[in-house]
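Comments concern the structure below.
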Amino acid sequence: MSETFERPHVRYTQYLNSTFSHASVMMLRRRRVVLAAVLALSPLLIPLAVAFLSETPFGEDGSRVFVFLVENLYLKAIAPLLALFFGCMLIGEDVELQTIPYLLTRPLPRSAIVLGRFLAYLSISSTILVVSIAMIFAACTSVGNLSFSPGTIRLVVHYAVVTVLALCGYGALAMFLGAITKHPIVFGILFVFGWQRLAMYIPGMVDFLTIEKYLTTLLPKLATQRENTVIRTALGEFEKQQLLITGPKALVGLLIITSLFMAGTCLIVRWREYSAARAVAG
């Protein structure tokens, strides 16, 4: 009589797929997905407004409009907001509603719960932003000086990949904040729109403690100058010399940041399991 045993990695994959499927369905049922899609698609009106209302050379250059929207609107605002919008609730919502003890009593590895929910967030938010960027590019072709070609398609793909990486970094941060604090969105906004802006003014290597530093390095090398940041103060303007890193090192650094936040979330969830599970059992 022979018995077959499932390999551990096969069983873990099943746990991960189960968590991913459940989290995806729950997220798609929320109204906030519709709000996120509306937020991501709203910049579509900008290229049309620029084409019809602007009388400057900027209004005739679809390439400049596209690059400006992706780099300054999507990567610096919409992607972090979507990450905070979705990422903070992945674990934080169960903590706030005090349903996490019941979640942790399920016979699932805690890391599978964290990773499955993160993958569900990443797939949904990436789909929203990548489709939105593609539609923005199509809209910008109507402005002028931009058309569908192998070079421009590669540019769109490059920006889409960097956007997904931004969702990874900011999403892992948001998930960690949701697991460790009662006000994750507040701390997330302070980091994204407070600390990252402040780090630009501080000389030295402080900006390496931001996510935006690595994302900026991964952007396509265009005609715009990214080596120096012009800082305007009441006393005048001055340039902050930035320490440059290569693209591969920036990618590794961003993946390390994402992994550290994910590992930290797994440890926190495991710690909460022991305290909460005992309270329920006791």
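Identifiers in this document derive from the order of the structure tokens: chains are assigned A, B, ..., residues are numbered from 1 separately in each chain, and ligands are numbered from 1 in order of occurrence.
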Every residue of range 20-233 of chain A that DSSP places in alpha helix (DSSP H), as JSON, numbers by chain
{"A": [20, 21, 22, 23, 24, 25, 26, 27, 28, 31, 32, 33, 34, 35, 36, 37, 38, 39, 40, 41, 45, 46, 47, 48, 49, 50, 51, 52, 53, 62, 63, 64, 65, 66, 67, 68, 79, 80, 81, 82, 83, 84, 85, 86, 87, 88, 89, 90, 91, 92, 93, 94, 95, 96, 97, 100, 101, 102, 103, 104, 110, 111, 112, 113, 114, 115, 116, 117, 118, 119, 120, 121, 122, 123, 124, 125, 126, 127, 128, 129, 130, 131, 132, 133, 134, 135, 136, 137, 138, 139, 140, 150, 151, 152, 153, 154, 155, 156, 157, 158, 159, 160, 161, 162, 163, 164, 165, 166, 167, 168, 169, 170, 171, 172, 173, 174, 175, 176, 177, 178, 179, 180, 184, 185, 186, 187, 188, 189, 196, 197, 198, 199, 212, 213, 214, 215, 216, 217, 218]}
Using only C-alpha atoms, which protein or nucleic acid residues come within 9 Å of Thr265 in chain A? Drop anything in the same chain fewer than 6 positions from it, and give the result as number ranges by chain.
A: 91, 111, 114, 172, 175-180
Those of range 4-232 of chain A in DSSP strand (DSSP E or B), formatted as a PyMOL selection string
chain A and resi 228-232
What does the file look like for those residues with C-alpha atoms, as a PDB file, in the first residue's frame?
ATOM      1  CA  ASN A 228      21.222  68.092 -10.132  1.00  0.00           C
ATOM      2  CA  THR A 229      18.122  69.281  -8.304  1.00  0.00           C
ATOM      3  CA  VAL A 230      17.486  73.012  -8.290  1.00  0.00           C
ATOM      4  CA  ILE A 231      16.209  74.108  -4.884  1.00  0.00           C
ATOM      5  CA  ARG A 232      14.463  77.447  -4.578  1.00  0.00           C
TER       6      ARG A 232
END
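Among the candidates A:Thr181, A:Asn72, A:Ser24, A:Thr127, the residue lying nearest to Leu219 in chain A is A:Asn72 (atoms considered: only C-alpha atoms).
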Top pick for closest residue to Val34 in chain A, considering A:Met205, A:Leu69, A:Ile128, A:Met89 and counting only C-alpha atoms:
A:Ile128
If we count only C-alpha atoms, what is near Arg197 in chain A at a cut-off of 12 Å, once residues fewer than 2 positions away on the same chain are taken out, given as a list in words?
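Residues meeting the cut-off are Lys76, Ile189, Leu190, Phe191, Val192, Phe193, Gly194, Trp195, Ala199, Met200, Tyr201, Ile202, Val206, Asp207, Leu209, Thr210, Ile211, Glu212, Lys213, Thr229 and Ile231 of chain A.
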Using only C-alpha atoms, pick whichever of A:Tyr214, A:Tyr170, A:Tyr15, A:Trp271 has the shortest atom-to-atom distance to Ile78 in chain A.
A:Tyr170
Go ahead and compute the interatomic distance for CA of Leu108 in chain A and CA of Gly87 in chain A, in Å to one decimal.
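Rounded to one decimal, the two atoms are 20.5 Å apart.
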For the atom pair CA of Pro80 in chain A and CA of Leu167 in chain A, what is the interatomic distance in Å to one decimal place?
7.0 Å
Under the rule of at most 12 Å, produce a per-residue listing of range 148-195 of chain A near range 136-142 of chain A: chain, number, name, the closest pair of atoms, and the distance in Å, as JSON lines, using only C-alpha atoms.
{"residue": "A:Phe148", "atom": "CA", "partner": "A:Thr141", "partner_atom": "CA", "distance": 7.7}
{"residue": "A:Ser149", "atom": "CA", "partner": "A:Thr141", "partner_atom": "CA", "distance": 11.0}
{"residue": "A:Thr152", "atom": "CA", "partner": "A:Phe137", "partner_atom": "CA", "distance": 9.1}
{"residue": "A:Ile153", "atom": "CA", "partner": "A:Phe137", "partner_atom": "CA", "distance": 9.3}
{"residue": "A:Arg154", "atom": "CA", "partner": "A:Phe137", "partner_atom": "CA", "distance": 11.9}
{"residue": "A:Leu155", "atom": "CA", "partner": "A:Phe137", "partner_atom": "CA", "distance": 10.0}
{"residue": "A:Val156", "atom": "CA", "partner": "A:Phe137", "partner_atom": "CA", "distance": 7.5}
{"residue": "A:Val157", "atom": "CA", "partner": "A:Phe137", "partner_atom": "CA", "distance": 10.8}
{"residue": "A:Tyr159", "atom": "CA", "partner": "A:Phe137", "partner_atom": "CA", "distance": 10.8}
{"residue": "A:Ala160", "atom": "CA", "partner": "A:Phe137", "partner_atom": "CA", "distance": 11.2}
Just-selected residues, N, CA and C atoms written as a PDB file, in the first residue's frame:
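selection-v2.pdb written:
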ATOM      1  N   PHE A 148       3.103  56.231 -32.743  1.00  0.00           N
ATOM      2  CA  PHE A 148       3.384  54.838 -32.429  1.00  0.00           C
ATOM      3  C   PHE A 148       4.563  54.366 -33.274  1.00  0.00           C
ATOM      4  N   SER A 149       5.625  53.964 -32.587  1.00  0.00           N
ATOM      5  CA  SER A 149       6.826  53.445 -33.243  1.00  0.00           C
ATOM      6  C   SER A 149       7.524  52.501 -32.281  1.00  0.00           C
ATOM      7  N   THR A 152       8.993  54.497 -29.272  1.00  0.00           N
ATOM      8  CA  THR A 152       8.028  55.031 -28.303  1.00  0.00           C
ATOM      9  C   THR A 152       7.320  53.904 -27.542  1.00  0.00           C
ATOM     10  N   ILE A 153       7.105  52.772 -28.205  1.00  0.00           N
ATOM     11  CA  ILE A 153       6.506  51.626 -27.509  1.00  0.00           C
ATOM     12  C   ILE A 153       7.439  51.129 -26.413  1.00  0.00           C
ATOM     13  N   ARG A 154       8.740  51.089 -26.699  1.00  0.00           N
ATOM     14  CA  ARG A 154       9.716  50.705 -25.669  1.00  0.00           C
ATOM     15  C   ARG A 154       9.703  51.706 -24.518  1.00  0.00           C
ATOM     16  N   LEU A 155       9.527  52.981 -24.847  1.00  0.00           N
ATOM     17  CA  LEU A 155       9.458  54.007 -23.800  1.00  0.00           C
ATOM     18  C   LEU A 155       8.250  53.771 -22.891  1.00  0.00           C
ATOM     19  N   VAL A 156       7.100  53.466 -23.481  1.00  0.00           N
ATOM     20  CA  VAL A 156       5.897  53.199 -22.692  1.00  0.00           C
ATOM     21  C   VAL A 156       6.098  51.966 -21.813  1.00  0.00           C
ATOM     22  N   VAL A 157       6.685  50.909 -22.372  1.00  0.00           N
ATOM     23  CA  VAL A 157       6.937  49.686 -21.589  1.00  0.00           C
ATOM     24  C   VAL A 157       7.889  49.981 -20.443  1.00  0.00           C
ATOM     25  N   TYR A 159       8.372  52.848 -18.858  1.00  0.00           N
ATOM     26  CA  TYR A 159       7.637  53.577 -17.822  1.00  0.00           C
ATOM     27  C   TYR A 159       6.665  52.662 -17.077  1.00  0.00           C
ATOM     28  N   ALA A 160       6.037  51.734 -17.787  1.00  0.00           N
ATOM     29  CA  ALA A 160       5.100  50.810 -17.143  1.00  0.00           C
ATOM     30  C   ALA A 160       5.824  49.919 -16.130  1.00  0.00           C
TER      31      ALA A 160
END
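The environment of range 20-22 of chain A within 10 Å, counting only C-alpha atoms and disregarding residues fewer than 4 places along the same chain, consists of Gln14, Tyr15, Leu16, Met26, Met27, Ala112, Ile113, Val114, Leu115, Gly116, Arg117, Phe118, Leu119, Ala120, Tyr121 and Ser123 of chain A.
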Can you tell me how far CA of Glu71 in chain A sits from CA of Leu90 in chain A, in Å to one decimal?
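Taking CA of Glu71 in chain A as the start and CA of Leu90 in chain A as the end point, the length is 26.8 Å.
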